[in-house]
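Asker: Sharing a structure with you now.
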There are 4 protein chains.
Amino acid sequence: MSFGGEKINPSYEIIKRIKDNIGGAEIIKLEVPVVFHKSAETVIKKINEINPDYVIMLGQAGGRHEISIERVAINIDDASIPDNENNRPIDEAIDKEGLPAYFSTLPVKRIIRVLREMGIPASLSNSAGTYVCNHLMYSILNYIYSNKLNIKAGFIHIPYIMEQVVNKPGTPSMTLEALIQGIETAIKAAMRDSDDIKVSEGKIC
Amino acid sequence: MSFGGEKINPSYEIIKRIKDNIGGAEIIKLEVPVVFHKSAETVIKKINEINPDYVIMLGQAGGRHEISIERVAINIDDASIPDNENNRPIDEAIDKEGLPAYFSTLPVKRIIRVLREMGIPASLSNSAGTYVCNHLMYSILNYIYSNKLNIKAGFIHIPYIMEQVVNKPGTPSMTLEALIQGIETAIKAAMRDSDDIKVSEGKIC
Amino acid sequence: MSFGGEKINPSYEIIKRIKDNIGGAEIIKLEVPVVFHKSAETVIKKINEINPDYVIMLGQAGGRHEISIERVAINIDDASIPDNENNRPIDEAIDKEGLPAYFSTLPVKRIIRVLREMGIPASLSNSAGTYVCNHLMYSILNYIYSNKLNIKAGFIHIPYIMEQVVNKPGTPSMTLEALIQGIETAIKAAMRDSDDIKVSEGKIC
Amino acid sequence: MSFGGEKINPSYEIIKRIKDNIGGAEIIKLEVPVVFHKSAETVIKKINEINPDYVIMLGQAGGRHEISIERVAINIDDASIPDNENNRPIDEAIDKEGLPAYFSTLPVKRIIRVLREMGIPASLSNSAGTYVCNHLMYSILNYIYSNKLNIKAGFIHIPYIMEQVVNKPGTPSMTLEALIQGIETAIKAAMRDSDDIKVSEGKIC
């Protein structure tokens, strides 16, 4: 069982359209408010309710070219714009007792390889930013770690959907169809039993 | 009647898949070699054979984000790499007697507007480069002008197809489906009777 | 004798600082209003007054990375924003009787090579846009051609000056010092007696 | 007392040229091999020898536009190319006992503000990559933390020096002079007594 929390409407358009059962796993979908602490509380409440095996979070990162799999979330909120309830934390720890960062517990390299094999552009990201996406990813991994839950979790960023960039020449996008196929493929790849593969997606700097 | 000459295989994949009849017009397709003078000769031979109303040329411009409609072709060959028959002209006039440039005689602004209305990213380009694409566009417009033919002609550049960028993170692309729909839409928009619309797609520099 | 017309204050900062005598040539400087037809009239009036050997025009192209030497100007005004006197021509010929385009009569390739030899990034541009810069370049080349004047002319675009991008992360720039050295070097290279060199700076598309 | 470790020759050109005394502090300079563990050992040996107050590390990040101040280093080596001694670790923890990440203990926001006030483009980076730069930054912060040393440390990435991009059109750079002034300014800003300022340099994602 797994579910996808997501951040804003464009990515929810994808969530709504993905299958309810992927590779034998039941998919529970959840829309999440773009609000710093409330986003995490919403997902944690659902975790306690349904006890999932995987938590795959989704958000839109306008400007990126591919589906990008986040490697790590860091313990900081630094908001350049207010969230949807007008919070704008600057340089605040998400959890003062929490570790400085958490690595995704999804097999990020395997997800990327499987996506590419399916003809879908994908890449690894070493930063989920310092806004609500990173906050949510950090908070969920922190909750799972602190409570010793047996849940794998991670965050996937999607680029703009093609319709969103029609009047923005020079902006990268993917089609809704390719993104739906991509997220379904990523979910399937995430759930394979074996460990992550060891191939470099490293960035020099 | 119109036909689309094209330059390399990826754009020929599109040509092959577009309908043979669009908006009542018969579509004649033609594959064109990526060779400086031969590309134009191939298209001119076909023009004389079928006497088309429109010549819509297609080529791939890897690195661009949208379908881009070329505004102008200039009278110069300046090849940074050899063509497919190993010609590499540098700073040679395409036609020593020809005008310095020709503007597309397609309604470029209307094509862009109709594409965007269909949800397909499109933009105007003020340079088709100085390689075979510009050579072909210049040569055909020059031939039509010099022979006072009643044919409208222009060039459309397409970005990479999604499958081409799977292993090139950070490279923009569009899906084959979106490009097929885009080119069919562009052909339909090109053939409307009215003049071009007067909206700015200007670039400051 | 030569002079540099320019377009906006940042590039005039460079003009003011370049030497008044370069390689034995007297440099006459001229500030030009960013107004469609008035820009050209200002330069033409000065041409008639001083009868220069070279007219090297300068403008800023924010977003470019290097000093870029324009190859060609096209016979069209297409303004996405109004000029400084609120003119906003869209798809109007600059000169209804003029040629479709004019190529720079400066040795563009040699200028680029000499700049690079001096350690200054430079590139060739195949489009000066469709705003006042292109208008001015076209108009001056058109005037020289129509009146059979023995004057070489061309246009150079400069990137942002470093100070202009301090609050715009991700925007390319060069320092004022590098640009001054670059423009002085370009003027010197432009005035060498020999023909342009034949090396490719071509763009595929 | 502080010193700047650096990674490759271009950034060592800067180090060599910065003053030996900045704002009353003695500057000890150190060249560091681009080798995974050896880079950190070299710096740790020097730390033990001179007991500095600050360790400001420097490396080149070709492709970035500004001086960028790193916020965080993560506990992972993922090398897409071998280092200078042919090591190519993939997905290995830098220190299996270490924390997942360390935040820079330099006042990163203040450094950025002071640089901008001096007219020097600067930005905050949330990822130092997963190669030797991140390895060195992580290792030094880990060593200082584990040994409870009273040393502030952080990493600064510089873009290409202008001379390096002469033949790479479209690549951002800064001049050596601007970079020297920038690093001296950054060192001065780092050493001010007060806490970091609280302004957002956050990235949404």
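By order in the structure tokens, chains are A, B, ...; within a chain, residues start at 1; ligands start at 1, following the order shown.
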Which residues of chain B sit at most 12 Å from chain A, using only C-alpha atoms? Give each one's shortest atom pair and distance in Å (one decimal place), in chain and ascending residue order, as a tab-separated table.

Answerer:
```
residue	atom	partner	partner_atom	distance
B:Gly63	CA	A:Gly170	CA	9.8
B:Arg64	CA	A:Gly170	CA	7.4
B:His65	CA	A:Gly170	CA	5.4
B:Glu66	CA	A:Pro169	CA	6.9
B:Ile67	CA	A:Pro169	CA	9.7
B:Ser68	CA	A:Pro169	CA	9.6
B:Ile112	CA	A:Val166	CA	10.1
B:Arg113	CA	A:Asn167	CA	9.8
B:Val114	CA	A:Val166	CA	11.1
B:Leu115	CA	A:Val166	CA	8.7
B:Arg116	CA	A:Val166	CA	5.7
B:Glu117	CA	A:Val166	CA	8.4
B:Met118	CA	A:Glu163	CA	8.9
B:Gly119	CA	A:Glu163	CA	5.2
B:Ile120	CA	A:Val166	CA	5.9
B:Pro121	CA	A:Val166	CA	4.2
B:Ala122	CA	A:Val166	CA	7.0
B:Ser123	CA	A:Pro169	CA	6.2
B:Leu124	CA	A:Pro169	CA	9.2
B:Ser125	CA	A:Pro169	CA	10.8
B:Pro159	CA	A:Pro172	CA	10.8
B:Tyr160	CA	A:Pro172	CA	11.7
B:Ile161	CA	A:Gly119	CA	10.4
B:Met162	CA	A:Ile120	CA	7.2
B:Glu163	CA	A:Gly119	CA	5.2
B:Gln164	CA	A:Gly119	CA	8.4
B:Val165	CA	A:Pro121	CA	6.5
B:Val166	CA	A:Pro121	CA	4.2
B:Asn167	CA	A:Pro121	CA	6.9
B:Lys168	CA	A:Pro121	CA	7.8
B:Pro169	CA	A:Ser123	CA	6.2
B:Gly170	CA	A:His65	CA	5.4
B:Thr171	CA	A:His65	CA	6.5
B:Pro172	CA	A:Pro172	CA	5.5
B:Ser173	CA	A:Pro172	CA	7.4
B:Met174	CA	A:Met174	CA	6.8
B:Thr175	CA	A:Thr175	CA	7.2
B:Leu176	CA	A:Thr175	CA	10.5
B:Glu177	CA	A:Thr175	CA	9.5
B:Ala178	CA	A:Thr175	CA	8.1
B:Leu179	CA	A:Thr175	CA	11.2
B:Glu201	CA	A:Pro169	CA	10.5
B:Lys203	CA	A:Pro169	CA	11.6
```

Asker: If you count only C-alpha atoms, which residues fall within 12 Å of Ala128 of chain B, apart from same-chain ones fewer than 3 positions away, as a PyMOL selection string?

Answerer: (chain B and resi 57-61+64+68-78+101-104+124-125+131-138+154-158) or (chain C and resi 125-127+202-205)

Asker: How far is it from atom CA of Val108 of chain D to atom CA of Asn142 of chain D, in Å with one decimal?

Answerer: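 Here the two named atoms are 18.1 Å from each other.
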
Asker: Could you pull out the strand (DSSP E or B) residues of segment 67-185 of chain C, going by DSSP on the backbone, and write them as an MDAnalysis selection string?

Answerer: chainID C and resid 67:70 72:74 77:78 90:92 101:103 122:125 152:158 160:161 173:174

Asker: How many Å lie between atom CA of Ile56 of chain D and atom CA of Val32 of chain D, rounded to one decimal?

Answerer: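 Separation of atom CA of Ile56 of chain D and atom CA of Val32 of chain D: 12.4 Å.
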